[in-house]
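K.L.:
Pasting a structure below so you can have a look.
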Amino acid sequence: MLEIRNLKAQVDGKDILKGLNLRVNAGEVHAIMGPNGSGKSTLANVLAGRDHYDVTGGEVLYRGRNLLELAPEERAREGVFLAFQYPVEIPGVNNVYLLKAALNAVRKHRGEQEVDAMEFLQLVKEKMKLVEIGEEFLYRSVNEGFSGGEKKRNEILQMAVLEPQLAILDETDSGLDIDALKIVSHGVNSLRNQDRAIIMVTHYQRLLNYIVPDYVHVLAGGRIVKSGGRELAHELEAKGYGWIEKEVRTGAGAA
Amino acid sequence: MDARIRDHYLAEFERLASSLPGANVPWFQRARRVALEAFAEQGFPTARDEDWKYTSVAAIEKRLFRVAEGVPAGIARDAAALSLGYDCYQMVFVNGRHVPELSRLDDLPEGVTVASLAESLVRQPALLQAALASEAGASGFAHLNTAFAADGAFIHVGRNVMVGKPFELLFIATGADNVSHLRNVVWAEEGSEATVIEHFVGLPESACLTNTVTQIFADANSSVEHYKFQEEAAKGFHVGAIYAHQKRDSRFASHSLSLGAALARHDIGTRFEDEGCDATLNGLYVVAGRQHVDHHTRVDHAKPHGTSREFYRGILDGTSRGVFNGRVVVHQDAQHTDAQQSNNNLLLSREAEVDTKPQLEIYADDVKCSHGATVGQLDEDMVFYLRSRGMDAMAARGLLTYAFANDIINRIRVAPLRARLQAIMLGRLPQADLIRELV
């Protein structure tokens, strides 16, 4: 599904990713953890194609294609979905109509027929139950006046409707209280399947109690410095990130 | 001012004086002479005038505009095509003169009188005297207007009359170097309600000056909704002023929608002359190329318990220039005033420029006042969010531009006018069908 090889990226001329390697297969859930400033959000943004995240080396293959040469909207239509860390408010743009347009953009790209208003509403209402969002959300402007938790739930609703091949959740758990975290996790878990890959970028181990990953990677200093199964998350919880950073420093010193 | 320019307007006045309406109404003739002298002395505004600091009218000054005579052939077709085309009372003016055969004023409710200024000066000059003598501005344009005012609409709505349909005053400019000096008076008596749309258009390729003044009198507990929709031709010039006077518990809403003309200047003011008045000033200016648009607004809270709201937005592309000066004066007596103002500008190019200046003057101590002004480009985070949901970059930018304008357009209460503005905005954007679905 996704193959990242020796990826290097800069933000404002500063090296953030310094040779990152990661392979994600369909059906897998990967957690990428790491201290603040380690490059987690940069990775998510590079994968989604945001401006000002400059790739300076390496490659990213998505289903065998060079992901980096696609515009953000093309990535979206190809089935890549980013759940934003800070979903932006867009006054005057209707939340549910944007979602319908997003779905139709994907369907059109795949050569499928666009959904009509009735079908779409039925689909959305069904998915809304997953994230426990009320109908009043649909007809408001995108994220406008939503609480932090509501914004994150809205992201998961979009993901549920769009059914991406590859979902990247950028700190979807931060700032959520436990009830909201449970709702969001339930939404994500119900989307797990054989054909879909999910990358969760998170600072906190707590999320992984609710969405149990297949693999855990630790990102530090712009590289993945440790990978393991779900038990690695527990080790991080118990020991913090300090020991890994120390390992990286000695490793870097040796290199 | 250059002597050649002054002499041109003095000669024009001598040429026209005897044919101007009210030529045999002594008080108006005196007022015209006084205004002409004031103009001869003062000339057109210059950058030395604080109120005209950012707006140069040199291009108007050197043109030596003339008052046109006669109505061009085929204008009936143009008028029909240009008007908003819905069920309303309509008066059509061509190059500043009322054309009765194009106007539609049948079925006026009882208690409503509508006539051209020229006609009213003949039939009921006394009724107009107080109105015409009140505030009309102090710039050279205002003086020229009083001296040359040839026509306009006089709308009088009697006590407790609710006028169900709007009035559309359609002003058409044709030809080159013609000037229209228009003077409109709207008088809403106690408890009455009326909606007036002033719609300014220029035929393609016309290069005219519109110099217009509207005076609005909103008596106790009346409600006046005023729209100014300026879509003059690309080479046109528009200078206009609106002055409202509000009595106790009256409501006044002004909407200035300024899209056309090479240069447009709007002065819009209201004065709360008694307690409990309410005013809303909305504005949208959308310019591109080398267009210049200037709004100077003024709300005078002279009495207590007044509420004013002001929402102005501008979208500027090309090398266009915008000016917004929003003055709110809370006089000493005006306790419990509640005044809010905002002006937001969206720059679509690096060369477009805006000067925005909120001006709050507060002389009372128990008041609630706020203002905010912004100038910026499209928010790249919003653009990226939309792209990450499958929308291409051009459509995303168009959508955000439209949503920005729509905040003001949605405040328009006359549905056909709102639809017209939306259609114009969408017509300028890519993937209009998609955008329409998303807002």
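Labels used: A, B, ... for chains in the order of the structure tokens, numbers from 1 for residues in each chain, and numbers from 1 for ligands as shown.
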Which residues of chain B are close to chain A, meaning at most 8 Å apart when you count only C-alpha atoms, and how do they look as a list in words?

P.N.:
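The contacting residues on chain B are Asp381, Met382, Phe384, Tyr385, Arg387, Ser388, Arg389, Gly390, Met391, Asp392, Ala393, Leu399, Leu400, Ala403, Phe404, Asn406, Asp407, Leu434, Glu437, Leu438 and Val439 of chain B.
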
K.L.:
Selected residues, N, CA and C atoms, written as a short mmCIF file (atom, residue, chain, number, x, y, z; two decimals), in the first residue's frame, please.

P.N.:
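And here's again25.cif as it stands now:
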data_model
loop_
_atom_site.label_atom_id
_atom_site.label_comp_id
_atom_site.auth_asym_id
_atom_site.auth_seq_id
_atom_site.Cartn_x
_atom_site.Cartn_y
_atom_site.Cartn_z
N ASP B 381 -4.54 27.63 4.79
CA ASP B 381 -4.96 26.44 5.54
C ASP B 381 -6.33 25.98 5.06
N MET B 382 -7.20 26.96 4.77
CA MET B 382 -8.53 26.60 4.26
C MET B 382 -8.41 26.00 2.86
N PHE B 384 -5.92 24.39 1.61
CA PHE B 384 -5.38 23.04 1.70
C PHE B 384 -6.43 22.05 2.21
N TYR B 385 -7.20 22.49 3.18
CA TYR B 385 -8.24 21.60 3.72
C TYR B 385 -9.19 21.16 2.60
N ARG B 387 -8.61 21.17 -0.62
CA ARG B 387 -7.91 20.32 -1.60
C ARG B 387 -7.77 18.90 -1.05
N SER B 388 -7.51 18.81 0.24
CA SER B 388 -7.33 17.48 0.81
C SER B 388 -8.65 16.72 0.83
N ARG B 389 -9.74 17.41 0.51
CA ARG B 389 -11.03 16.73 0.38
C ARG B 389 -11.42 16.59 -1.09
N GLY B 390 -10.41 16.69 -1.97
CA GLY B 390 -10.63 16.36 -3.37
C GLY B 390 -10.98 17.51 -4.29
N MET B 391 -10.99 18.74 -3.75
CA MET B 391 -11.37 19.88 -4.61
C MET B 391 -10.11 20.48 -5.22
N ASP B 392 -10.14 20.81 -6.50
CA ASP B 392 -8.90 21.34 -7.07
C ASP B 392 -8.66 22.78 -6.60
N ALA B 393 -7.42 23.21 -6.77
CA ALA B 393 -6.99 24.47 -6.14
C ALA B 393 -7.81 25.67 -6.62
N LEU B 399 -14.29 29.07 -4.27
CA LEU B 399 -15.29 28.80 -3.23
C LEU B 399 -15.08 29.73 -2.03
N LEU B 400 -13.84 29.87 -1.61
CA LEU B 400 -13.57 30.71 -0.44
C LEU B 400 -13.84 32.19 -0.73
N ALA B 403 -17.66 32.50 -0.68
CA ALA B 403 -18.19 32.43 0.69
C ALA B 403 -17.94 33.74 1.42
N PHE B 404 -16.79 34.35 1.14
CA PHE B 404 -16.45 35.63 1.76
C PHE B 404 -17.46 36.71 1.34
N ASN B 406 -20.44 36.18 0.09
CA ASN B 406 -21.80 35.75 0.38
C ASN B 406 -22.26 36.16 1.78
N ASP B 407 -21.30 36.35 2.67
CA ASP B 407 -21.64 36.81 4.01
C ASP B 407 -22.41 38.13 3.94
N LEU B 434 -20.28 23.87 -8.97
CA LEU B 434 -19.82 23.19 -7.76
C LEU B 434 -19.90 24.15 -6.57
N GLU B 437 -23.27 24.71 -5.10
CA GLU B 437 -23.76 23.61 -4.27
C GLU B 437 -23.22 23.61 -2.85
N LEU B 438 -22.10 24.28 -2.67
CA LEU B 438 -21.40 24.14 -1.39
C LEU B 438 -21.69 25.24 -0.38
N VAL B 439 -22.45 26.25 -0.80
CA VAL B 439 -22.71 27.32 0.16
C VAL B 439 -24.19 27.38 0.51
#

K.L.:
A:Glu231: which residues within 12 Å, counting only C-alpha atoms, same-chain residues fewer than 3 positions away excluded, as a list in words?

P.N.:
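With the cut-off at 12 Å, the set is Ala31, Gln205, Leu208, Asn209, Val212, Pro213, Asp214, Tyr215, Val216, His217, Ser227, Gly228, His234, Glu235, Leu236, Glu237 and Ala238 of chain A.
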
K.L.:
Keeping N, CA and C atoms for every residue in the selection just given, could you write it to a file as a PDB file, in the first residue's frame?

P.N.:
ATOM      1  N   ALA A  31       1.002   2.683  14.363  1.00  0.00           N
ATOM      2  CA  ALA A  31       1.055   3.874  15.210  1.00  0.00           C
ATOM      3  C   ALA A  31       2.448   4.462  15.113  1.00  0.00           C
ATOM      4  N   GLN A 205       0.274   7.464  24.462  1.00  0.00           N
ATOM      5  CA  GLN A 205       0.030   6.037  24.399  1.00  0.00           C
ATOM      6  C   GLN A 205      -1.444   5.703  24.640  1.00  0.00           C
ATOM      7  N   LEU A 208      -3.770   4.186  22.141  1.00  0.00           N
ATOM      8  CA  LEU A 208      -3.521   2.806  21.706  1.00  0.00           C
ATOM      9  C   LEU A 208      -4.212   1.783  22.607  1.00  0.00           C
ATOM     10  N   ASN A 209      -4.771   2.261  23.746  1.00  0.00           N
ATOM     11  CA  ASN A 209      -5.626   1.383  24.543  1.00  0.00           C
ATOM     12  C   ASN A 209      -6.963   1.152  23.849  1.00  0.00           C
ATOM     13  N   VAL A 212      -6.055  -0.592  18.918  1.00  0.00           N
ATOM     14  CA  VAL A 212      -4.857  -1.413  19.120  1.00  0.00           C
ATOM     15  C   VAL A 212      -4.139  -1.580  17.787  1.00  0.00           C
ATOM     16  N   PRO A 213      -2.926  -1.071  17.698  1.00  0.00           N
ATOM     17  CA  PRO A 213      -2.220  -1.101  16.417  1.00  0.00           C
ATOM     18  C   PRO A 213      -1.560  -2.455  16.166  1.00  0.00           C
ATOM     19  N   ASP A 214      -1.250  -2.710  14.910  1.00  0.00           N
ATOM     20  CA  ASP A 214      -0.488  -3.906  14.581  1.00  0.00           C
ATOM     21  C   ASP A 214       0.998  -3.646  14.776  1.00  0.00           C
ATOM     22  N   TYR A 215       1.392  -2.415  14.482  1.00  0.00           N
ATOM     23  CA  TYR A 215       2.807  -2.045  14.613  1.00  0.00           C
ATOM     24  C   TYR A 215       2.936  -0.690  15.299  1.00  0.00           C
ATOM     25  N   VAL A 216       4.010  -0.548  16.036  1.00  0.00           N
ATOM     26  CA  VAL A 216       4.300   0.739  16.667  1.00  0.00           C
ATOM     27  C   VAL A 216       5.696   1.153  16.226  1.00  0.00           C
ATOM     28  N   HIS A 217       5.815   2.416  15.814  1.00  0.00           N
ATOM     29  CA  HIS A 217       7.123   2.943  15.416  1.00  0.00           C
ATOM     30  C   HIS A 217       7.425   4.165  16.263  1.00  0.00           C
ATOM     31  N   SER A 227      11.007   0.056  15.967  1.00  0.00           N
ATOM     32  CA  SER A 227       9.719  -0.469  15.534  1.00  0.00           C
ATOM     33  C   SER A 227       9.440  -1.746  16.290  1.00  0.00           C
ATOM     34  N   GLY A 228       8.171  -2.004  16.508  1.00  0.00           N
ATOM     35  CA  GLY A 228       7.823  -3.224  17.222  1.00  0.00           C
ATOM     36  C   GLY A 228       6.342  -3.453  17.151  1.00  0.00           C
ATOM     37  N   HIS A 234       3.497   0.041  25.260  1.00  0.00           N
ATOM     38  CA  HIS A 234       3.452  -0.081  26.724  1.00  0.00           C
ATOM     39  C   HIS A 234       4.807   0.252  27.345  1.00  0.00           C
ATOM     40  N   GLU A 235       5.849  -0.138  26.663  1.00  0.00           N
ATOM     41  CA  GLU A 235       7.193   0.166  27.128  1.00  0.00           C
ATOM     42  C   GLU A 235       7.411   1.685  27.161  1.00  0.00           C
ATOM     43  N   LEU A 236       6.917   2.333  26.096  1.00  0.00           N
ATOM     44  CA  LEU A 236       7.040   3.795  26.028  1.00  0.00           C
ATOM     45  C   LEU A 236       6.254   4.447  27.157  1.00  0.00           C
ATOM     46  N   GLU A 237       5.073   3.901  27.407  1.00  0.00           N
ATOM     47  CA  GLU A 237       4.231   4.439  28.462  1.00  0.00           C
ATOM     48  C   GLU A 237       4.954   4.351  29.806  1.00  0.00           C
ATOM     49  N   ALA A 238       5.592   3.220  30.031  1.00  0.00           N
ATOM     50  CA  ALA A 238       6.273   2.996  31.309  1.00  0.00           C
ATOM     51  C   ALA A 238       7.560   3.816  31.427  1.00  0.00           C
TER      52      ALA A 238
END

K.L.:
Check the DSSP output for the backbone and give back, as JSON, numbers by chain, the residues of stretch 208-433 of chain B in strand (DSSP E).

P.N.:
{"B": [208, 209, 210, 211, 212, 213, 214, 215, 216, 217, 218, 223, 224, 225, 226, 227, 228, 229, 230, 231, 237, 238, 239, 240, 241, 242, 243, 244, 245, 246, 251, 252, 253, 254, 255, 256, 257, 258, 263, 264, 265, 266, 267, 268, 269, 270, 271, 272, 278, 279, 280, 281, 282, 283, 284, 285, 286, 287, 292, 293, 294, 295, 296, 297, 298, 299, 300, 301, 307, 308, 309, 310, 311, 312, 313, 314, 315, 316, 321, 322, 323, 324, 325, 326, 327, 328, 329, 330, 338, 339, 340, 341, 342, 343, 344, 345, 346, 347, 353, 354, 355, 356, 357, 358, 359, 360, 361, 362, 368, 369, 370, 371, 372, 373, 374, 375, 376]}

K.L.:
So the first atom is atom CA of A:Glu59 and the second is atom CA of A:Gly221; what is the distance between them in Å, to one decimal place?

P.N.:
18.7 Å

K.L.:
Within 8 Å of B:Leu20, counting only C-alpha atoms, which residues show up once you throw out same-chain ones fewer than 2 positions away? Write them as a ChimeraX atom specification, please.

P.N.:
/B:16-18,22-23,148-150

K.L.:
At what distance in Å, to one decimal, does atom CA of B:Ile155 lie from atom CA of B:Asp274?

P.N.:
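Distance reported for this atom pair: 22.5 Å.
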
K.L.:
Set the distance at 8 Å and use only C-alpha atoms: which residues neighbour B:Val328 once local chain neighbours fewer than 2 positions away are removed? I'd like the list as a list in words.

P.N.:
Arg298, Val299, Asp300, His301, Gly326, Val330, Ala339, Gln359, Leu360 and Glu361 of chain B

K.L.:
Keeping only C-alpha atoms, write those residues as a short mmCIF file (atom, residue, chain, number, x, y, z; two decimals), in the first residue's frame.

P.N.:
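The result, stored in result_34.cif:
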data_model
loop_
_atom_site.label_atom_id
_atom_site.label_comp_id
_atom_site.auth_asym_id
_atom_site.auth_seq_id
_atom_site.Cartn_x
_atom_site.Cartn_y
_atom_site.Cartn_z
CA ARG B 298 -20.68 58.00 9.10
CA VAL B 299 -23.11 57.16 11.87
CA ASP B 300 -24.03 59.96 14.21
CA HIS B 301 -25.39 58.70 17.50
CA GLY B 326 -15.97 54.21 8.84
CA VAL B 330 -21.24 59.02 19.74
CA ALA B 339 -22.24 50.47 17.93
CA GLN B 359 -12.83 56.15 13.27
CA LEU B 360 -14.63 56.04 16.59
CA GLU B 361 -15.31 59.30 18.40
#

K.L.:
What's the 12 Å shell around B:Gln335, counting only C-alpha atoms, without same-chain residues fewer than 3 positions away, as a PyMOL selection string?

P.N.:
chain B and resi 274-276+301-307+330-332+338-339+362-369

K.L.:
Which residues are near B:Gln230? Cut-off 9 Å, only C-alpha atoms, ignore same chain within fewer than 5 positions. Put them as number ranges by chain.

P.N.:
B: 198-201, 238, 256-261, 264

K.L.:
Can you write out the residues you just picked, keeping C-alpha atoms, as an mmCIF file, in the first residue's frame?

P.N.:
data_model
loop_
_atom_site.group_PDB
_atom_site.id
_atom_site.type_symbol
_atom_site.label_atom_id
_atom_site.label_comp_id
_atom_site.auth_asym_id
_atom_site.auth_seq_id
_atom_site.Cartn_x
_atom_site.Cartn_y
_atom_site.Cartn_z
ATOM 1 C CA GLU B 198 -31.070 52.558 -6.561
ATOM 2 C CA HIS B 199 -29.606 50.685 -9.475
ATOM 3 C CA PHE B 200 -26.867 52.369 -11.492
ATOM 4 C CA VAL B 201 -25.847 50.942 -14.836
ATOM 5 C CA HIS B 238 -19.583 57.385 -9.899
ATOM 6 C CA SER B 256 -23.979 49.439 -0.815
ATOM 7 C CA LEU B 257 -23.059 46.975 -3.535
ATOM 8 C CA SER B 258 -20.327 48.513 -5.620
ATOM 9 C CA LEU B 259 -19.006 46.485 -8.531
ATOM 10 C CA GLY B 260 -18.640 48.783 -11.494
ATOM 11 C CA ALA B 261 -17.044 52.039 -12.676
ATOM 12 C CA ALA B 264 -16.590 54.958 -7.399
#

K.L.:
As a ChimeraX atom specification, which residues of stretch 313-409 of chain B does DSSP assign to helix (DSSP H, G or I)?

P.N.:
/B:380-387,393-409

K.L.:
To one decimal place in Å, what is the distance between atom CA of B:Asp333 and atom CA of B:Phe311?

P.N.:
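So the answer is 25.2 Å.
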
K.L.:
Let me make sure I understand: among A:Leu68, A:Met118, A:Val55, A:Ile16, which one has the smallest atom-to-atom distance to A:Ala220 if we use only C-alpha atoms?

P.N.:
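For A:Ala220, the nearest of the given residues is A:Ile16.
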
K.L.:
As a PyMOL selection string, please: the residues near B:Leu316 (cut-off 8 Å, only C-alpha atoms, same-chain neighbours under 2 positions excluded).

P.N.:
chain B and resi 286-288+314+318+320-322+345-349+352-353

K.L.:
Please produce a file of the residues just selected, as a short mmCIF file (atom, residue, chain, number, x, y, z; two decimals), in the first residue's frame, where the atoms kept are N, CA and C atoms.

P.N.:
data_model
loop_
_atom_site.label_atom_id
_atom_site.label_comp_id
_atom_site.auth_asym_id
_atom_site.auth_seq_id
_atom_site.Cartn_x
_atom_site.Cartn_y
_atom_site.Cartn_z
N VAL B 286 -16.43 44.86 -4.97
CA VAL B 286 -15.66 43.84 -5.69
C VAL B 286 -15.05 44.52 -6.90
N VAL B 287 -13.74 44.65 -6.90
CA VAL B 287 -13.09 45.39 -7.98
C VAL B 287 -11.88 44.63 -8.49
N ALA B 288 -11.48 44.98 -9.70
CA ALA B 288 -10.33 44.32 -10.33
C ALA B 288 -9.70 45.32 -11.29
N GLY B 314 -14.66 43.76 1.21
CA GLY B 314 -14.15 44.09 -0.11
C GLY B 314 -13.33 42.95 -0.67
N GLY B 318 -6.25 42.38 -9.30
CA GLY B 318 -5.50 43.24 -10.22
C GLY B 318 -4.71 44.29 -9.47
N SER B 320 -6.25 46.99 -8.35
CA SER B 320 -7.34 47.83 -7.85
C SER B 320 -7.01 48.37 -6.47
N ARG B 321 -7.77 49.36 -6.09
CA ARG B 321 -7.53 50.03 -4.82
C ARG B 321 -8.87 50.21 -4.12
N GLY B 322 -8.89 49.96 -2.83
CA GLY B 322 -10.10 50.16 -2.04
C GLY B 322 -9.83 51.09 -0.88
N ASN B 345 -11.23 42.77 4.26
CA ASN B 345 -10.82 42.87 2.86
C ASN B 345 -10.03 41.65 2.43
N LEU B 346 -10.34 41.20 1.25
CA LEU B 346 -9.66 40.04 0.68
C LEU B 346 -8.89 40.50 -0.55
N LEU B 347 -7.59 40.34 -0.51
CA LEU B 347 -6.77 40.75 -1.65
C LEU B 347 -6.45 39.51 -2.48
N LEU B 348 -6.83 39.54 -3.75
CA LEU B 348 -6.60 38.38 -4.61
C LEU B 348 -5.32 38.53 -5.42
N SER B 349 -4.69 39.68 -5.36
CA SER B 349 -3.41 39.84 -6.07
C SER B 349 -2.45 40.62 -5.20
N ALA B 352 -3.00 44.61 -5.51
CA ALA B 352 -4.20 45.28 -5.00
C ALA B 352 -3.91 45.86 -3.63
N GLU B 353 -4.63 46.92 -3.31
CA GLU B 353 -4.32 47.64 -2.07
C GLU B 353 -5.59 48.16 -1.41
#

K.L.:
Calculated over only C-alpha atoms, which of the candidates B:Leu102, B:Leu281, B:Glu310, B:Glu110 has the smallest distance to B:Ala80?

P.N.:
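Nearest candidate to B:Ala80 out of B:Leu102, B:Leu281, B:Glu310, B:Glu110: B:Leu102.
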